[in-house]
file protein16.txt (compact mmCIF, C-alpha atoms)
# COMPACT_ATOMS: atom_id res chain seq x y z
CA MET A 260 -18.36 70.69 -14.33
CA PRO A 261 -17.17 68.94 -11.16
CA ILE A 262 -14.93 65.91 -11.24
CA GLN A 263 -16.83 62.64 -11.70
CA PRO A 264 -16.23 58.96 -10.99
CA GLY A 265 -13.87 57.67 -13.68
CA ASP A 266 -11.94 60.96 -13.87
CA ARG A 267 -8.28 61.25 -12.86
CA ILE A 268 -7.39 63.44 -9.91
CA PRO A 269 -5.92 66.68 -11.33
CA GLU A 270 -2.24 67.30 -10.71
CA VAL A 271 -1.90 70.17 -8.25
CA ALA A 272 0.55 71.04 -5.47
CA LEU A 273 -0.80 71.22 -1.91
CA LYS A 274 0.89 72.16 1.36
CA ARG A 275 1.27 70.36 4.68
CA ILE A 276 3.40 70.78 7.75
CA ARG A 277 5.58 68.02 9.16
CA GLU A 278 9.13 69.19 9.94
CA GLY A 279 8.29 72.45 8.21
CA VAL A 280 6.05 73.56 5.38
CA GLU A 281 6.17 70.95 2.62
CA THR A 282 4.78 70.94 -0.89
CA VAL A 283 3.15 67.68 -1.89
CA ASP A 284 1.88 66.85 -5.36
CA THR A 285 -1.49 65.15 -5.78
CA ARG A 286 0.20 62.43 -7.88
CA ALA A 287 2.31 61.47 -4.84
CA LEU A 288 -0.82 61.47 -2.68
CA PHE A 289 -3.06 59.41 -4.97
CA ASP A 290 -1.06 57.31 -7.43
CA ASN A 291 -0.75 53.59 -6.60
CA LYS A 292 -2.92 54.02 -3.50
CA LYS A 293 -6.47 53.78 -2.23
CA VAL A 294 -7.40 57.17 -0.79
CA VAL A 295 -10.34 58.89 0.82
CA LEU A 296 -10.10 62.66 0.57
CA PHE A 297 -12.63 64.69 2.49
CA ALA A 298 -12.86 68.45 2.28
CA VAL A 299 -14.34 70.94 4.68
CA PRO A 300 -15.30 74.57 4.11
CA GLY A 301 -13.10 75.73 6.98
CA ALA A 302 -10.91 74.55 9.81
CA PHE A 303 -12.26 75.39 13.27
CA THR A 304 -15.79 75.98 11.91
CA PRO A 305 -18.67 74.35 13.84
CA THR A 306 -19.77 71.36 11.72
CA CYS A 307 -16.23 70.71 10.53
CA SER A 308 -14.83 70.64 14.08
CA GLU A 309 -17.75 69.03 15.89
CA ARG A 310 -18.72 66.32 13.39
CA HIS A 311 -16.84 66.03 10.10
CA LEU A 312 -13.18 65.74 11.15
CA PRO A 313 -13.99 63.92 14.43
CA GLY A 314 -15.83 61.21 12.49
CA PHE A 315 -12.76 60.50 10.39
CA VAL A 316 -10.54 60.58 13.46
CA GLU A 317 -12.82 58.05 15.20
CA ARG A 318 -13.05 55.77 12.14
CA TYR A 319 -9.47 56.23 10.93
CA GLU A 320 -8.45 52.67 11.79
CA ASP A 321 -11.48 51.29 9.91
CA PHE A 322 -10.13 52.91 6.73
CA ARG A 323 -6.54 51.83 7.44
CA LYS A 324 -7.64 48.20 7.92
CA ARG A 325 -8.94 48.36 4.34
CA GLY A 326 -5.63 49.75 3.08
CA ILE A 327 -7.13 53.20 2.54
CA GLU A 328 -5.25 56.41 3.30
CA VAL A 329 -7.25 59.34 4.68
CA LEU A 330 -6.65 62.95 3.68
CA CYS A 331 -8.38 66.05 5.04
CA MET A 332 -8.27 69.23 2.96
CA SER A 333 -9.46 72.78 3.35
CA VAL A 334 -8.90 76.14 1.71
CA ASN A 335 -6.90 77.31 4.72
CA ASP A 336 -3.19 77.88 5.17
CA PRO A 337 -0.96 75.00 6.31
CA PHE A 338 -0.42 76.55 9.74
CA VAL A 339 -4.15 76.60 10.41
CA MET A 340 -4.50 73.01 9.21
CA LYS A 341 -1.66 71.90 11.50
CA ALA A 342 -3.13 73.69 14.52
CA TRP A 343 -6.60 72.33 13.78
CA GLY A 344 -5.25 68.80 13.47
CA GLU A 345 -3.46 69.13 16.81
CA SER A 346 -6.56 70.53 18.50
CA GLN A 347 -8.60 67.58 17.16
CA HIS A 348 -6.02 64.92 18.14
CA VAL A 349 -5.68 63.78 14.53
CA PRO A 350 -3.64 60.55 14.25
CA ALA A 351 -0.23 60.90 12.60
CA GLY A 352 -1.30 59.10 9.41
CA LEU A 353 -4.37 61.24 8.73
CA MET A 354 -2.92 63.96 6.53
CA MET A 355 -4.05 67.56 7.03
CA LEU A 356 -3.66 69.29 3.66
CA SER A 357 -3.79 72.96 2.80
CA ASP A 358 -5.25 74.17 -0.49
CA GLY A 359 -4.50 77.73 0.57
CA ASN A 360 -5.30 79.40 -2.75
CA GLY A 361 -8.10 76.99 -3.68
CA GLN A 362 -6.25 75.77 -6.78
CA PHE A 363 -7.02 72.08 -6.20
CA THR A 364 -10.59 72.84 -5.16
CA ARG A 365 -11.15 74.75 -8.42
CA ALA A 366 -9.45 71.99 -10.45
CA LEU A 367 -11.94 69.54 -8.93
CA GLY A 368 -14.83 71.92 -9.74
CA LEU A 369 -15.95 71.74 -6.10
CA GLU A 370 -15.55 75.33 -5.01
CA MET A 371 -18.22 77.47 -3.38
CA ASP A 372 -18.56 81.17 -2.72
CA ALA A 373 -18.55 81.75 1.05
CA SER A 374 -18.06 85.52 0.71
CA ALA A 375 -21.31 86.17 2.58
CA TYR A 376 -19.57 84.66 5.64
CA GLY A 377 -16.31 86.55 5.07
CA MET A 378 -14.54 83.39 3.91
CA GLY A 379 -14.13 83.96 0.15
CA THR A 380 -13.90 80.93 -2.12
CA ARG A 381 -13.87 77.65 -0.21
CA ALA A 382 -14.28 73.94 -0.89
CA LYS A 383 -17.73 72.45 -0.77
CA ARG A 384 -18.12 69.80 1.90
CA PHE A 385 -17.36 66.53 0.11
CA ALA A 386 -15.64 63.16 0.29
CA LEU A 387 -14.21 61.20 -2.58
CA TYR A 388 -12.70 57.75 -2.84
CA ALA A 389 -9.98 57.17 -5.41
CA GLU A 390 -7.88 54.20 -6.49
CA ASP A 391 -4.59 54.81 -8.29
CA GLY A 392 -5.49 58.43 -8.92
CA VAL A 393 -8.93 57.71 -10.42
CA VAL A 394 -12.13 58.78 -8.65
CA LYS A 395 -14.35 55.79 -7.87
CA GLN A 396 -16.92 57.54 -5.64
CA LEU A 397 -17.83 61.18 -5.07
CA HIS A 398 -20.12 62.39 -2.28
CA VAL A 399 -20.89 66.12 -2.35
CA GLU A 400 -23.10 67.68 0.31
CA ALA A 401 -26.01 69.96 -0.47
CA PRO A 402 -25.51 73.43 1.03
CA GLY A 403 -25.89 73.37 4.80
CA GLU A 404 -26.04 69.55 5.03
CA PHE A 405 -23.75 66.94 6.53
CA ARG A 406 -24.66 63.37 5.56
CA VAL A 407 -22.97 61.90 2.50
CA SER A 408 -19.42 63.05 3.27
CA SER A 409 -19.30 61.59 6.79
CA ALA A 410 -16.83 58.84 7.64
CA GLU A 411 -19.70 56.49 8.45
CA TYR A 412 -21.46 57.07 5.13
CA VAL A 413 -18.25 56.68 3.11
CA LEU A 414 -17.44 53.41 4.91
CA GLU A 415 -20.98 52.13 4.15
CA GLN A 416 -20.54 52.98 0.45
CA LEU A 417 -17.22 51.14 0.34
CA GLY A 418 -19.07 48.01 1.44
call {"tool": "encode", "arguments": {"input": "protein16.txt", "output": "structure tokens"}}
result
Amino acid sequence: MPIQPGDRIPEVALKRIREGVETVDTRALFDNKKVVLFAVPGAFTPTCSERHLPGFVERYEDFRKRGIEVLCMSVNDPFVMKAWGESQHVPAGLMMLSDGNGQFTRALGLEMDASAYGMGTRAKRFALYAEDGVVKQLHVEAPGEFRVSSAEYVLEQLG
């Protein structure tokens, strides 16, 4: 069963690149913070690159003004996430996280089988809002859709 509002974010290690490849624990990312995490099925894929990530880049300051950190995650390696972030002009504070083996995605119960597209197990397209490591809102897209995980929709739901 997928994670639900009221559940704690599972403790899993993710990767990111700053000065080199770093391991970052989800507790460090979520505890004592307000966080929006959005996940995409794949870096450099059409909807992810043309609409999903650009929306969060454009609205990044709207989240920051509310004291909310923004994290982007995909089941890709950290080098791909870094390159994708650079190609999309992601602001320094918007963290590009790698769930390379899909461990966090599976712990959230939000994995999907993209084998038909040669992509293996990936994250469903979703956005969640958490406070102090507890999920307050979860917005999971139906297959092939892009509505409820957009930056605009998440901002509307935050009020």
call {"tool": "atom_distance", "arguments": {"input": "protein16.txt", "atom1": "atom CA of Val294 of chain A", "atom2": "atom CA of Ala389 of chain A"}}
result
5.3 Å
call {"tool": "atom_distance", "arguments": {"input": "protein16.txt", "atom1": "atom CA of Phe338 of chain A", "atom2": "atom CA of Gly368 of chain A"}}
result
24.7 Å
call {"tool": "residues_around", "arguments": {"input": "protein16.txt", "residues": "Val399 of chain A", "least_positions_apart": "6", "cutoff": "8 Å", "atoms": "all atoms listed in the file", "output": "PyMOL selection string"}}
result
chain A and resi 383-386+407-408
call {"tool": "residues_near_point", "arguments": {"input": "protein16.txt", "point": "(2.2, 71.1, 0.3)", "cutoff": "12 Å", "atoms": "all atoms listed in the file", "output": "ChimeraX atom specification"}}
result
/A:271-277,279-285,287-288,332,335-338,340-341,354-360,362-363
call {"tool": "atom_distance", "arguments": {"input": "protein16.txt", "atom1": "atom CA of Ala382 of chain A", "atom2": "atom CA of Phe315 of chain A"}}
result
17.6 Å
